[in-house]
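*Asks:* Quick one: this structure, given as structure tokens, is what I'll be asking you about.
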Amino acid sequence: MIDLLVSDLYTAYDRADVLHGVSLHARAGEITCILGANGAGKSTLIRSVLGLTPPHRGSIRLGEAELTGRPTHRIVAMGIACIPEGRKVFPRLCVRENLLAGAYRVGSREQVRENLEQVLRIFPRLEERAGQLAGTLSGGEQAMLSIGRGLMSRPRLLIIDEPSLGLSPLLVKENFNVIRRVNETGVSVLLVEQNVNQTLAIAHRGYVLAQGRVVAEGSAAALRDDAEVQRAYFG
Ligand SMILES: Nc1ncnc2c1ncn2[C@@H]1O[C@H](COP(=O)(O)OP(=O)(O)O)[C@@H](O)[C@H]1O
Ligand SMILES: [Mg+2]
């Protein structure tokens with residue numbers, strides 16, 4: 001569990017800024033959500049945190065450590081795991097192999113085995129299907145698998161980009177229950193979503209991004225009741 005503190009972040013792809021001074025605080029132990037419509041800059045924010053599209057101004061701190069200027073592999077090694085948009089699994093590898101792929105930088109075999117056991121305890125469904133090819137899993141199971149793979153490195157902060165994309169409402173609910181359970185095991189979560197109502201049902205706090213700026217922030221309850229937020233961004 002660890003705090004992520006983003007201050008006054010500016011990120012551009014070419015010349016034009018996509019993020020215009022974004023600040024946010026994902027508190028240790030909480031689920032923090034970032035809501036916003038398509039193109040608001042949510043994925044760019046994640047890419048900035050991971051050093052994939054480095055910001056040209058502002059700061060990103062994980063606990064006491066400054067992340068800006070560090071290469072992605074170092075940032076990841078500090079305890080961040082990310083499940084990118086589209087949550088790809090390796091379809092021709094079995095469930096167990098997919099999970100092990102998430103532990104590539106875990107030092108000892110002993111530790112890998114322990115992490116695998118812990119992840120399978122969180123996802124009994126994956127344990128039942130451990131030998132099955134990932135490509136033959138249902139969409140919901142693949143979503144679980146992608147989260148399980150992220151957990152194999154024992155991250156302190158798990159970043160998930162639009163996990164509900166392409167899932168039926170029932171599976172979204174199930175998937176979000178999984179995220180809540182993961183958080184309860186002591187992992188801070190930064191959850192990027194467009195699905196406002198279900199996201200606010202599991203998040204502690206949230207931020208609303210529009211055109212690269214934070215336009216609303218607060219506790220999940222406050223955002224849920226914020227008629228302006230509902231009307232302006234989510235119809
Ligand atoms: N690789 C890229 N190169 C140039 N522009 C990009 C790139 N990725 C995203 N953008 C632009 O940045 C803006 C924010 O995109 P993105 O961060 O993907 O938003 P979101 O994840 O909220 O849908 C959009 O206008 C998008 O067109
Ligand atoms: Mg995105």
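Chain labels run A, B, ... following the order of the structure tokens; each chain numbers its residues from 1, and ligands are numbered from 1 in the order shown.
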So that I can check the surroundings of Leu45 of chain A, please list as a list in words every protein, DNA and RNA residue that reaches within 9 Å of it, counting only C-alpha atoms and ignoring chain neighbours fewer than 3 positions away.

*Replies:*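 Once the nearby chain positions are removed, what remains is Leu9, Thr11, Leu19, Val22, Gly41, Lys42, Ser48, Val49, Leu50, Thr53, Pro55 and Gly212 of chain A.
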
*Asks:* Residues as selected, C-alpha atoms, written as a JSON list (two decimals), in the first residue's frame, can you do that?

*Replies:*
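Saved the output as part.json:
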[["chain", "number", "residue", "atom", "x", "y", "z"],
["A", 9, "LEU", "CA", 1.20, 17.33, -14.68],
["A", 11, "THR", "CA", 1.94, 15.68, -20.96],
["A", 19, "LEU", "CA", -2.85, 16.85, -19.89],
["A", 22, "VAL", "CA", -3.45, 17.43, -13.60],
["A", 41, "GLY", "CA", -6.73, 11.91, -21.17],
["A", 42, "LYS", "CA", -7.19, 9.01, -18.73],
["A", 48, "SER", "CA", 2.71, 9.35, -17.78],
["A", 49, "VAL", "CA", 2.82, 7.59, -14.40],
["A", 50, "LEU", "CA", 4.48, 4.57, -15.98],
["A", 53, "THR", "CA", 4.78, 9.01, -22.28],
["A", 55, "PRO", "CA", 5.33, 14.41, -18.77],
["A", 212, "GLY", "CA", -7.00, 16.91, -19.83]]

*Asks:* Kindly provide the residues of chain A that approach ligand 2 to within 8 Å, each paired with its closest atom pair and their distance in Å to one decimal, based on only C-alpha atoms and all ligand atoms, listed by chain and increasing number, as a Markdown table.

*Replies:*
| residue | atom | partner | partner_atom_place_in_ligand_line | distance |
| --- | --- | --- | --- | --- |
| A:Asn38 | CA | ligand 2 | 1 (Mg) | 6.7 |
| A:Gly39 | CA | ligand 2 | 1 (Mg) | 6.9 |
| A:Gly41 | CA | ligand 2 | 1 (Mg) | 6.9 |
| A:Lys42 | CA | ligand 2 | 1 (Mg) | 5.4 |
| A:Ser43 | CA | ligand 2 | 1 (Mg) | 4.1 |
| A:Thr44 | CA | ligand 2 | 1 (Mg) | 7.2 |
| A:Glu85 | CA | ligand 2 | 1 (Mg) | 6.5 |
| A:Asp161 | CA | ligand 2 | 1 (Mg) | 6.7 |
| A:Glu162 | CA | ligand 2 | 1 (Mg) | 7.0 |
| A:Val192 | CA | ligand 2 | 1 (Mg) | 7.9 |

*Asks:* Between atom CA of Pro124 of chain A and atom CA of Arg96 of chain A, what is the distance, to one decimal in Å?

*Replies:* 12.5 Å

*Asks:* From segment 14-85 of chain A, collect each residue whose DSSP state is strand (DSSP E) and return the set as a PyMOL selection string.

*Replies:* chain A and resi 17-26+31-35+57-62+65-66+80-83

*Asks:* Using only C-alpha atoms, determine which residues lie at most 9 Å from Tyr104 of chain A, disregarding the query and same-chain residues fewer than 6 positions distant; provide the list as a VMD selection string.

*Replies:* chain A and resid 112 152 to 153

*Asks:* Store the residues picked out above, limited to N, CA and C atoms, as a tab-separated table (two decimals), in the first residue's frame.

*Replies:*
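The result, written out as selection.tsv:
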chain	number	residue	atom	x	y	z
A	112	VAL	N	7.77	-16.90	-6.24
A	112	VAL	CA	6.83	-17.03	-7.35
A	112	VAL	C	5.72	-18.00	-6.97
A	152	MET	N	0.72	-10.88	-9.70
A	152	MET	CA	1.81	-11.84	-9.52
A	152	MET	C	3.14	-11.18	-9.14
A	153	SER	N	3.25	-9.87	-9.37
A	153	SER	CA	4.48	-9.18	-8.97
A	153	SER	C	4.33	-8.57	-7.58

*Asks:* Go through A:Leu200, A:Gly63, A:Ile147, A:Gly218 one by one, measure the shortest atom-to-atom distance of each to Ile179 of chain A using only C-alpha atoms, and give the residue with the smallest value.

*Replies:*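 Using only C-alpha atoms, the shortest distance to Ile179 of chain A belongs to A:Ile147.
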
*Asks:* Just checking: using only C-alpha atoms and all ligand atoms, which residue out of A:Asn195, A:Gln230, A:Gln211, A:Asn177 ends up closest to ligand 1?

*Replies:*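 Among A:Asn195, A:Gln230, A:Gln211, A:Asn177, it is A:Gln211 that comes nearest to ligand 1.
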
*Asks:* Nearest to ligand 1: which of A:Ala37, A:Ile31, A:Leu190, A:Ala222 is it, counting only C-alpha atoms and all ligand atoms?

*Replies:*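 With only C-alpha atoms and all ligand atoms as the atom set, the closest residue is A:Ala37.
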
*Asks:* Mind pulling up the distance from atom CA of Val106 of chain A to atom CA of Arg156 of chain A?

*Replies:*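 Computing the Euclidean distance for atom CA of Arg156 of chain A and atom CA of Val106 of chain A yields 13.9 Å.
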
*Asks:* Residues within 9 Å of Lys88 of chain A, please, as a compact mmCIF listing (two decimals) with N, CA and C atoms, in the first residue's frame. Count only C-alpha atoms; anything in the same chain fewer than 6 positions from it doesn't count.

*Replies:*
# COMPACT_ATOMS: atom_id res chain seq x y z
N GLN A 142 -11.25 -14.03 -18.46
CA GLN A 142 -10.03 -13.40 -18.99
C GLN A 142 -9.73 -12.10 -18.25
N ALA A 143 -10.80 -11.38 -17.91
CA ALA A 143 -10.62 -10.15 -17.15
C ALA A 143 -10.01 -10.45 -15.79
N SER A 146 -6.33 -11.30 -16.21
CA SER A 146 -5.44 -10.16 -16.41
C SER A 146 -5.13 -9.47 -15.07

*Asks:* Would you please extract all alpha helix (DSSP H) residues from segment 14-231 of chain A, as assigned by DSSP on the backbone, and give them as a PyMOL selection string?

*Replies:* chain A and resi 42-49+72-77+95-101+109-122+124-128+139-151+169-184+196-202+220-225+227-231

*Asks:* Show which residues sit within 10 Å of Gly139 of chain A, as a VMD selection string. Count only C-alpha atoms, and ignore same-chain residues fewer than 2 positions away.

*Replies:* chain A and resid 135 to 137 141 to 145 166 to 168 171

*Asks:* In Å, how far is it from atom CA of Pro91 of chain A to atom CA of Arg121 of chain A?

*Replies:*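 Computing it gives 22.3 Å between the two atoms.
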
*Asks:* Calculated over only C-alpha atoms, which of the candidates A:Gly206, A:Gly186, A:Gly102, A:Gly107 has the smallest distance to Gly29 of chain A?

*Replies:*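 Ranked by minimum distance to Gly29 of chain A, first place goes to A:Gly186.
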
*Asks:* Would you list the contacts of segment 79-84 of chain A as a PyMOL selection string, taking every protein, DNA or RNA residue within 6 Å and counting only C-alpha atoms, but skipping same-chain residues closer than 3 positions in sequence?

*Replies:* chain A and resi 76+87+150+155-161

*Asks:* Let me make sure I understand: among A:Arg57, A:Arg15, A:Ser7, A:Glu97, which one has the smallest atom-to-atom distance to ligand 1 if we use only C-alpha atoms and all ligand atoms?

*Replies:* A:Arg15

*Asks:* Tell me which of A:Gln198, A:Ser188, A:Pro71, A:Glu128 sits closest to Phe176 of chain A, counting only C-alpha atoms.

*Replies:*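 Closest to Phe176 of chain A of all the choices is A:Gln198.
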